[in-house]
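As provided, model_5.cif (mmCIF, C-alpha atoms) reads as follows.
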```
data_structure
loop_
_atom_site.label_atom_id
_atom_site.label_comp_id
_atom_site.auth_asym_id
_atom_site.auth_seq_id
_atom_site.Cartn_x
_atom_site.Cartn_y
_atom_site.Cartn_z
CA MET A 1 -82.44 -8.46 -8.58
CA ASN A 2 -81.69 -6.69 -5.30
CA GLU A 3 -79.54 -9.37 -3.83
CA PRO A 4 -76.45 -9.00 -5.99
CA ASN A 5 -76.65 -5.26 -5.49
CA GLN A 6 -76.51 -5.61 -1.74
CA GLU A 7 -73.64 -7.99 -1.99
CA TYR A 8 -71.90 -5.51 -4.19
CA LEU A 9 -72.53 -2.77 -1.64
CA LYS A 10 -71.12 -4.98 1.10
CA LEU A 11 -68.05 -5.55 -0.98
CA VAL A 12 -67.70 -1.82 -1.63
CA ARG A 13 -68.07 -1.03 2.05
CA LYS A 14 -65.47 -3.64 2.85
CA THR A 15 -62.94 -2.39 0.35
CA MET A 16 -63.48 1.37 0.50
CA PRO A 17 -61.92 2.06 3.93
CA LYS A 18 -59.07 -0.28 3.08
CA THR A 19 -57.91 1.76 0.10
CA LYS A 20 -58.11 4.91 2.20
CA HIS A 21 -56.36 3.03 4.97
CA PHE A 22 -53.53 2.05 2.64
CA SER A 23 -53.08 5.58 1.33
CA THR A 24 -52.77 7.00 4.88
CA LEU A 25 -50.11 4.38 5.63
CA LEU A 26 -48.20 5.21 2.46
CA ARG A 27 -48.32 8.95 3.15
CA ALA A 28 -47.19 8.40 6.78
CA PHE A 29 -44.29 6.31 5.48
CA LEU A 30 -43.24 8.90 2.89
CA VAL A 31 -43.51 11.95 5.15
CA GLY A 32 -41.94 10.22 8.17
CA GLY A 33 -39.11 8.83 6.05
CA THR A 34 -38.48 12.19 4.41
CA ILE A 35 -38.34 14.06 7.74
CA CYS A 36 -35.87 11.49 9.12
CA SER A 37 -33.74 11.72 5.97
CA ILE A 38 -33.60 15.51 6.28
CA GLY A 39 -32.52 14.93 9.89
CA GLN A 40 -29.76 12.61 8.70
CA GLY A 41 -28.67 15.24 6.16
CA ILE A 42 -28.41 17.93 8.87
CA ASN A 43 -26.58 15.41 11.07
CA ASP A 44 -24.06 14.66 8.30
CA ILE A 45 -23.42 18.36 7.67
CA TYR A 46 -22.80 19.00 11.38
CA THR A 47 -20.48 15.97 11.55
CA LEU A 48 -18.42 17.54 8.75
CA VAL A 49 -18.41 21.04 10.29
CA PHE A 50 -17.85 20.16 13.97
CA LYS A 51 -15.28 17.40 13.71
CA ASP A 52 -14.39 17.18 17.43
CA MET A 53 -17.93 17.13 18.78
CA PRO A 54 -19.14 13.88 20.43
CA LYS A 55 -21.90 11.95 18.64
CA GLU A 56 -24.55 12.70 21.30
CA ASP A 57 -23.97 16.44 20.96
CA ILE A 58 -24.26 16.25 17.17
CA THR A 59 -27.61 14.47 17.62
CA ALA A 60 -28.72 17.14 20.12
CA ILE A 61 -27.98 20.11 17.84
CA THR A 62 -29.50 18.24 14.89
CA LEU A 63 -32.75 17.84 16.83
CA LEU A 64 -32.53 21.49 17.91
CA THR A 65 -32.21 22.55 14.26
CA ILE A 66 -35.20 20.40 13.23
CA ILE A 67 -37.23 21.86 16.11
CA PHE A 68 -36.33 25.38 14.98
CA ILE A 69 -37.28 24.70 11.34
CA THR A 70 -40.60 23.15 12.45
CA ALA A 71 -41.40 26.09 14.73
CA VAL A 72 -40.85 28.55 11.87
CA LEU A 73 -42.91 26.41 9.46
CA THR A 74 -45.68 26.22 12.06
CA GLY A 75 -45.51 29.99 12.50
CA PHE A 76 -46.12 30.47 8.77
CA GLY A 77 -48.88 27.83 8.75
CA VAL A 78 -46.96 25.47 6.48
CA TYR A 79 -46.63 22.59 8.95
CA ASP A 80 -50.42 22.24 9.23
CA LYS A 81 -50.49 21.36 5.53
CA ILE A 82 -47.71 18.78 5.96
CA GLY A 83 -49.69 17.42 8.92
CA ALA A 84 -52.93 17.13 6.94
CA PHE A 85 -51.09 15.14 4.27
CA GLY A 86 -48.72 13.05 6.39
CA GLY A 87 -50.85 12.03 9.39
CA ALA A 88 -48.69 10.06 11.82
CA GLY A 89 -45.69 10.75 9.59
CA SER A 90 -45.80 14.32 10.83
CA ILE A 91 -46.75 13.54 14.46
CA ILE A 92 -44.21 10.93 15.51
CA PRO A 93 -40.96 12.64 14.45
CA ILE A 94 -39.70 15.31 16.87
CA THR A 95 -41.23 17.85 14.46
CA GLY A 96 -44.68 16.71 15.63
CA PHE A 97 -43.73 17.42 19.23
CA ALA A 98 -42.41 20.88 18.32
CA ASN A 99 -45.56 21.60 16.31
CA ALA A 100 -47.73 20.47 19.24
CA VAL A 101 -46.01 23.06 21.46
CA VAL A 102 -45.94 25.98 19.01
CA SER A 103 -49.40 25.59 17.47
CA PRO A 104 -51.58 26.00 20.61
CA ALA A 105 -49.25 28.77 21.82
CA MET A 106 -49.96 30.76 18.65
CA GLU A 107 -53.69 30.13 18.57
CA ARG A 108 -54.41 31.12 22.18
CA LYS A 109 -52.26 34.24 22.18
CA GLN A 110 -55.30 36.54 22.26
CA GLU A 111 -56.13 35.27 25.76
CA GLY A 112 -52.94 36.82 27.08
CA ILE A 113 -49.24 35.98 27.25
CA ILE A 114 -49.36 34.04 30.53
CA LEU A 115 -52.85 32.50 30.59
CA GLY A 116 -53.15 32.11 26.83
CA LEU A 117 -49.76 31.52 25.27
CA CYS A 118 -47.71 29.98 28.08
CA ASP A 119 -50.56 27.96 29.59
CA ASN A 120 -51.60 26.34 26.32
CA MET A 121 -48.07 25.59 25.16
CA PHE A 122 -48.23 22.41 27.25
CA SER A 123 -51.72 21.17 26.39
CA VAL A 124 -50.23 18.38 24.24
CA ALA A 125 -46.61 18.48 25.38
CA GLY A 126 -47.50 18.38 29.11
CA PRO A 127 -48.40 14.67 29.22
CA VAL A 128 -45.33 13.89 27.10
CA ILE A 129 -43.04 15.69 29.57
CA VAL A 130 -44.75 14.18 32.65
CA PHE A 131 -44.57 10.62 31.28
CA GLY A 132 -41.09 11.14 29.88
CA ILE A 133 -39.56 12.39 33.13
CA SER A 134 -41.47 9.90 35.31
CA SER A 135 -40.41 6.96 33.14
CA SER A 136 -36.77 8.12 33.13
CA VAL A 137 -36.75 8.29 36.96
CA LEU A 138 -38.36 4.84 37.11
CA VAL A 139 -35.73 3.45 34.74
CA GLY A 140 -33.00 5.13 36.83
CA ILE A 141 -34.29 3.48 40.02
CA ILE A 142 -34.51 0.11 38.26
CA ALA A 143 -30.90 0.61 37.17
CA LEU A 144 -29.96 1.36 40.81
CA ILE A 145 -31.59 -1.83 42.10
CA PHE A 146 -30.42 -4.18 39.33
CA LYS A 147 -27.02 -2.64 38.68
CA SER A 148 -25.46 -5.81 37.33
CA TRP A 149 -28.00 -5.99 34.45
CA PHE A 150 -26.89 -2.68 33.01
CA ILE A 151 -23.10 -2.87 33.24
CA MET B 1 -23.27 4.07 -3.05
CA GLU B 2 -22.72 3.65 0.67
CA ILE B 3 -24.25 7.02 1.41
CA PHE B 4 -27.31 6.04 -0.65
CA LEU B 5 -27.68 2.87 1.42
CA THR B 6 -27.44 4.86 4.67
CA TYR B 7 -30.23 7.21 3.61
CA LEU B 8 -32.33 4.26 2.42
CA LYS B 9 -32.02 2.71 5.89
CA VAL B 10 -32.86 6.04 7.56
CA PHE B 11 -35.92 6.44 5.33
CA LEU B 12 -37.08 2.85 5.94
CA VAL B 13 -36.70 2.91 9.74
CA GLY B 14 -38.23 6.39 10.14
CA GLY B 15 -41.02 5.59 7.70
CA LEU B 16 -41.87 2.24 9.30
CA ILE B 17 -42.07 3.78 12.79
CA CYS B 18 -44.54 6.33 11.40
CA VAL B 19 -46.56 3.56 9.68
CA ILE B 20 -46.93 1.80 13.06
CA GLY B 21 -48.20 5.10 14.47
CA GLN B 22 -50.62 5.53 11.57
CA LEU B 23 -51.95 2.00 12.15
CA LEU B 24 -52.60 2.93 15.80
CA ILE B 25 -54.43 6.10 14.71
CA ASN B 26 -56.51 4.26 12.09
CA TYR B 27 -57.58 1.42 14.38
CA THR B 28 -57.97 3.20 17.73
CA LYS B 29 -58.70 6.84 16.76
CA MET B 30 -56.11 8.02 19.29
CA THR B 31 -55.26 11.70 19.70
CA SER B 32 -51.76 12.89 18.88
CA SER B 33 -51.03 13.48 22.58
CA ARG B 34 -51.59 9.78 23.35
CA ILE B 35 -49.61 8.65 20.32
CA LEU B 36 -46.65 10.79 21.41
CA VAL B 37 -46.79 9.44 24.99
CA ILE B 38 -47.04 5.82 23.84
CA PHE B 39 -44.08 6.13 21.47
CA LEU B 40 -42.01 7.97 24.07
CA LEU B 41 -42.64 5.19 26.61
CA LEU B 42 -41.92 2.55 23.96
CA GLY B 43 -38.58 4.23 23.24
CA ALA B 44 -37.70 4.30 26.95
CA PHE B 45 -38.67 0.64 27.29
CA LEU B 46 -36.66 -0.48 24.25
CA GLU B 47 -33.63 1.42 25.56
CA THR B 48 -33.97 -0.15 29.01
CA ILE B 49 -34.00 -3.71 27.66
CA GLY B 50 -31.03 -2.83 25.45
CA VAL B 51 -32.69 -3.14 22.02
CA TYR B 52 -32.83 0.50 20.89
CA LYS B 53 -29.09 0.89 20.39
CA TYR B 54 -29.24 -1.70 17.61
CA ILE B 55 -32.15 0.10 15.92
CA GLU B 56 -30.17 3.35 16.23
CA GLU B 57 -27.03 1.76 14.79
CA PHE B 58 -29.01 0.55 11.79
CA GLY B 59 -31.43 3.44 11.26
CA LYS B 60 -29.35 6.44 12.47
CA ALA B 61 -31.58 9.56 12.22
CA GLY B 62 -34.49 7.26 11.36
CA ALA B 63 -34.31 6.18 15.01
CA THR B 64 -33.24 9.45 16.69
CA VAL B 65 -35.66 11.86 14.98
CA PRO B 66 -38.91 10.06 15.93
CA ILE B 67 -40.13 10.72 19.49
CA LEU B 68 -38.95 7.17 20.30
CA GLY B 69 -35.44 8.62 20.29
CA PHE B 70 -36.46 11.14 22.95
CA GLY B 71 -37.68 8.31 25.19
CA SER B 72 -34.55 6.34 24.50
CA SER B 73 -32.19 9.17 25.46
CA LEU B 74 -34.25 9.85 28.63
CA ALA B 75 -33.77 6.21 29.69
CA LYS B 76 -30.15 6.13 28.54
CA GLY B 77 -29.31 9.23 30.61
CA ALA B 78 -31.12 7.89 33.69
CA ILE B 79 -29.25 4.56 33.53
CA LYS B 80 -25.91 6.31 33.01
CA GLY B 81 -26.62 8.69 35.91
CA ALA B 82 -27.78 5.92 38.22
CA LEU B 83 -24.66 3.84 37.58
CA SER B 84 -22.19 6.71 38.04
CA GLU B 85 -23.83 8.90 40.72
CA GLY B 86 -26.42 6.72 42.46
CA PHE B 87 -29.84 8.05 43.46
CA LEU B 88 -29.29 11.68 42.49
CA GLY B 89 -27.94 10.57 39.13
CA ALA B 90 -31.08 8.50 38.55
CA LEU B 91 -33.16 11.65 38.98
CA ARG B 92 -30.82 13.99 37.13
CA GLY B 93 -29.64 11.85 34.21
CA GLY B 94 -32.85 11.59 32.21
CA ILE B 95 -33.66 15.29 32.14
CA GLU B 96 -30.04 16.20 31.56
CA SER B 97 -29.84 14.07 28.43
CA VAL B 98 -32.84 15.79 26.80
CA ALA B 99 -32.20 19.24 28.29
CA VAL B 100 -31.08 20.76 24.96
CA GLY B 101 -34.23 19.56 23.20
CA PHE B 102 -36.67 20.55 25.96
CA ALA B 103 -35.13 23.98 26.54
CA GLY B 104 -34.96 24.52 22.78
CA VAL B 105 -38.62 23.60 22.20
CA ILE B 106 -39.85 25.83 25.03
CA VAL B 107 -37.80 28.93 24.14
CA ILE B 108 -38.36 28.66 20.36
CA ALA B 109 -42.11 28.03 20.83
CA PHE B 110 -42.34 31.05 23.15
CA ILE B 111 -40.63 33.34 20.64
CA VAL B 112 -42.59 32.04 17.62
CA GLY B 113 -45.81 32.24 19.65
CA LEU B 114 -45.10 35.90 20.44
CA LEU B 115 -44.22 36.81 16.84
CA ALA B 116 -46.63 34.75 14.73
CA ARG B 117 -50.24 35.54 13.98
CA PRO B 118 -52.70 32.63 14.11
CA LYS B 119 -54.00 31.67 10.65
CA THR B 120 -57.53 31.01 11.84
CA LYS B 121 -58.13 34.68 12.68
CA GLN B 122 -57.47 36.04 9.20
#
```

Have the structure of the file written as structure tokens, please.
Amino acid sequence: MNEPNQEYLKLVRKTMPKTKHFSTLLRAFLVGGTICSIGQGINDIYTLVFKDMPKEDITAITLLTIIFITAVLTGFGVYDKIGAFGGAGSIIPITGFANAVVSPAMERKQEGIILGLCDNMFSVAGPVIVFGISSSVLVGIIALIFKSWFI
Amino acid sequence: MEIFLTYLKVFLVGGLICVIGQLLINYTKMTSSRILVIFLLLGAFLETIGVYKYIEEFGKAGATVPILGFGSSLAKGAIKGALSEGFLGALRGGIESVAVGFAGVIVIAFIVGLLARPKTKQ
């Protein structure tokens, strides 16, 4: 009588993480898609308001606006709740980067402005900045060597 | 109708990029720092081989809002700088193209950090 039970348990163990797995994927998709759509909305509003601005500048101030909104939401503790629900959907958009800078800065404030706040601001963002700048210089040097590929 | 289609594309591209990230988290248990670095480098790589501009054309904010877009503009600026100014441009271009975002994040985070009270202490 035990055998079917164990098989059943195996089946349960096999399927249980999968359902959870699927729900995390769905939530990441919804939250990530929503954040990007809000970004597109802000972008469209700026395109209407600043008609002469080049496209790159519109993108830059859109990102700046999203960063500002995220920082305020993090300050009020709202972004943590979005993060708990959305998983990667809240990490991969630029909002996740902004949150990763603001959140440790807030939490370590008691240790002092310089050693607590400023030092810990870059605990997550530091590697991102180091890799980002290094890779851009590498790409620039590749572009210098193989000029004809990029023109 | 056209505007609906645009937002659908934005939602799909942004959502799918996040699903790829969630798959990485689920299967490798990576920390958010690593995820951000990997996606940044992926964006820089896709820009360098000339693919990201097509994703951006299709997905609009769905491609510029994820951290991939940050990597892509870093690479785009470095290539542009290298072609127009040589070696100094290769060094300057990348940072210049994301300067607004970086400066914004740092200043806003500093101000919010000074003003806000951490939730955990209440």

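For the pair CA of Glu107 (chain A) and CA of Leu63 (chain A), the interatomic distance is 24.3 Å.
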
Next on the checklist: Please check the contacts: residues of chain A at most 6 Å away from chain B, using only C-alpha atoms, listed as number ranges by chain.
Outcome noted: A: 25, 28-29, 32-33, 36-37, 39-40, 64, 75, 88-89, 92-94, 102, 105-107, 124, 128, 136-137, 140, 143-144

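Our summary of the geometry notes that CA of Gly126 (chain A) is positioned 21.7 Å from CA of Thr65 (chain A).
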
Checklist outcome for this item: From CA of His21 (chain A) to CA of Gln6 (chain A) the spacing works out at 22.9 Å

Can you sort out region 4-27 of chain B so it carries N, CA and C atoms, written as an mmCIF file, in the coordinates of the input?
```
data_model
loop_
_atom_site.group_PDB
_atom_site.id
_atom_site.type_symbol
_atom_site.label_atom_id
_atom_site.label_comp_id
_atom_site.auth_asym_id
_atom_site.auth_seq_id
_atom_site.Cartn_x
_atom_site.Cartn_y
_atom_site.Cartn_z
ATOM 1 N N PHE B 4 -25.952 6.324 -0.196
ATOM 2 C CA PHE B 4 -27.310 6.040 -0.650
ATOM 3 C C PHE B 4 -27.961 4.985 0.234
ATOM 4 N N LEU B 5 -27.185 3.958 0.576
ATOM 5 C CA LEU B 5 -27.680 2.870 1.420
ATOM 6 C C LEU B 5 -28.037 3.380 2.820
ATOM 7 N N THR B 6 -27.171 4.275 3.353
ATOM 8 C CA THR B 6 -27.440 4.860 4.670
ATOM 9 C C THR B 6 -28.776 5.583 4.675
ATOM 10 N N TYR B 7 -28.991 6.432 3.642
ATOM 11 C CA TYR B 7 -30.230 7.210 3.610
ATOM 12 C C TYR B 7 -31.441 6.320 3.371
ATOM 13 N N LEU B 8 -31.239 5.219 2.632
ATOM 14 C CA LEU B 8 -32.330 4.260 2.420
ATOM 15 C C LEU B 8 -32.753 3.648 3.756
ATOM 16 N N LYS B 9 -31.735 3.285 4.573
ATOM 17 C CA LYS B 9 -32.020 2.710 5.890
ATOM 18 C C LYS B 9 -32.732 3.710 6.781
ATOM 19 N N VAL B 10 -32.237 4.982 6.766
ATOM 20 C CA VAL B 10 -32.860 6.040 7.560
ATOM 21 C C VAL B 10 -34.321 6.198 7.163
ATOM 22 N N PHE B 11 -34.558 6.250 5.841
ATOM 23 C CA PHE B 11 -35.920 6.440 5.330
ATOM 24 C C PHE B 11 -36.815 5.279 5.751
ATOM 25 N N LEU B 12 -36.301 4.049 5.616
ATOM 26 C CA LEU B 12 -37.080 2.850 5.940
ATOM 27 C C LEU B 12 -37.443 2.805 7.420
ATOM 28 N N VAL B 13 -36.445 3.010 8.295
ATOM 29 C CA VAL B 13 -36.700 2.910 9.740
ATOM 30 C C VAL B 13 -37.644 4.016 10.181
ATOM 31 N N GLY B 14 -37.353 5.273 9.767
ATOM 32 C CA GLY B 14 -38.230 6.390 10.140
ATOM 33 C C GLY B 14 -39.627 6.206 9.586
ATOM 34 N N GLY B 15 -39.721 5.785 8.324
ATOM 35 C CA GLY B 15 -41.020 5.590 7.700
ATOM 36 C C GLY B 15 -41.829 4.493 8.367
ATOM 37 N N LEU B 16 -41.161 3.371 8.692
ATOM 38 C CA LEU B 16 -41.870 2.240 9.300
ATOM 39 C C LEU B 16 -42.396 2.595 10.689
ATOM 40 N N ILE B 17 -41.601 3.354 11.470
ATOM 41 C CA ILE B 17 -42.070 3.780 12.790
ATOM 42 C C ILE B 17 -43.339 4.608 12.646
ATOM 43 N N CYS B 18 -43.363 5.498 11.630
ATOM 44 C CA CYS B 18 -44.540 6.330 11.400
ATOM 45 C C CYS B 18 -45.725 5.505 10.921
ATOM 46 N N VAL B 19 -45.470 4.437 10.138
ATOM 47 C CA VAL B 19 -46.560 3.560 9.680
ATOM 48 C C VAL B 19 -47.206 2.863 10.878
ATOM 49 N N ILE B 20 -46.378 2.424 11.841
ATOM 50 C CA ILE B 20 -46.930 1.800 13.060
ATOM 51 C C ILE B 20 -47.840 2.802 13.776
ATOM 52 N N GLY B 21 -47.386 4.062 13.853
ATOM 53 C CA GLY B 21 -48.200 5.100 14.470
ATOM 54 C C GLY B 21 -49.493 5.328 13.727
ATOM 55 N N GLN B 22 -49.424 5.318 12.381
ATOM 56 C CA GLN B 22 -50.620 5.530 11.570
ATOM 57 C C GLN B 22 -51.609 4.380 11.756
ATOM 58 N N LEU B 23 -51.085 3.157 11.890
ATOM 59 C CA LEU B 23 -51.950 2.000 12.150
ATOM 60 C C LEU B 23 -52.698 2.187 13.473
ATOM 61 N N LEU B 24 -51.976 2.669 14.501
ATOM 62 C CA LEU B 24 -52.600 2.930 15.800
ATOM 63 C C LEU B 24 -53.706 3.966 15.670
ATOM 64 N N ILE B 25 -53.426 5.043 14.892
ATOM 65 C CA ILE B 25 -54.430 6.100 14.710
ATOM 66 C C ILE B 25 -55.647 5.543 13.972
ATOM 67 N N ASN B 26 -55.405 4.777 12.900
ATOM 68 C CA ASN B 26 -56.510 4.260 12.090
ATOM 69 C C ASN B 26 -57.400 3.301 12.867
ATOM 70 N N TYR B 27 -56.786 2.453 13.712
ATOM 71 C CA TYR B 27 -57.580 1.420 14.380
ATOM 72 C C TYR B 27 -58.141 1.874 15.727
#
```
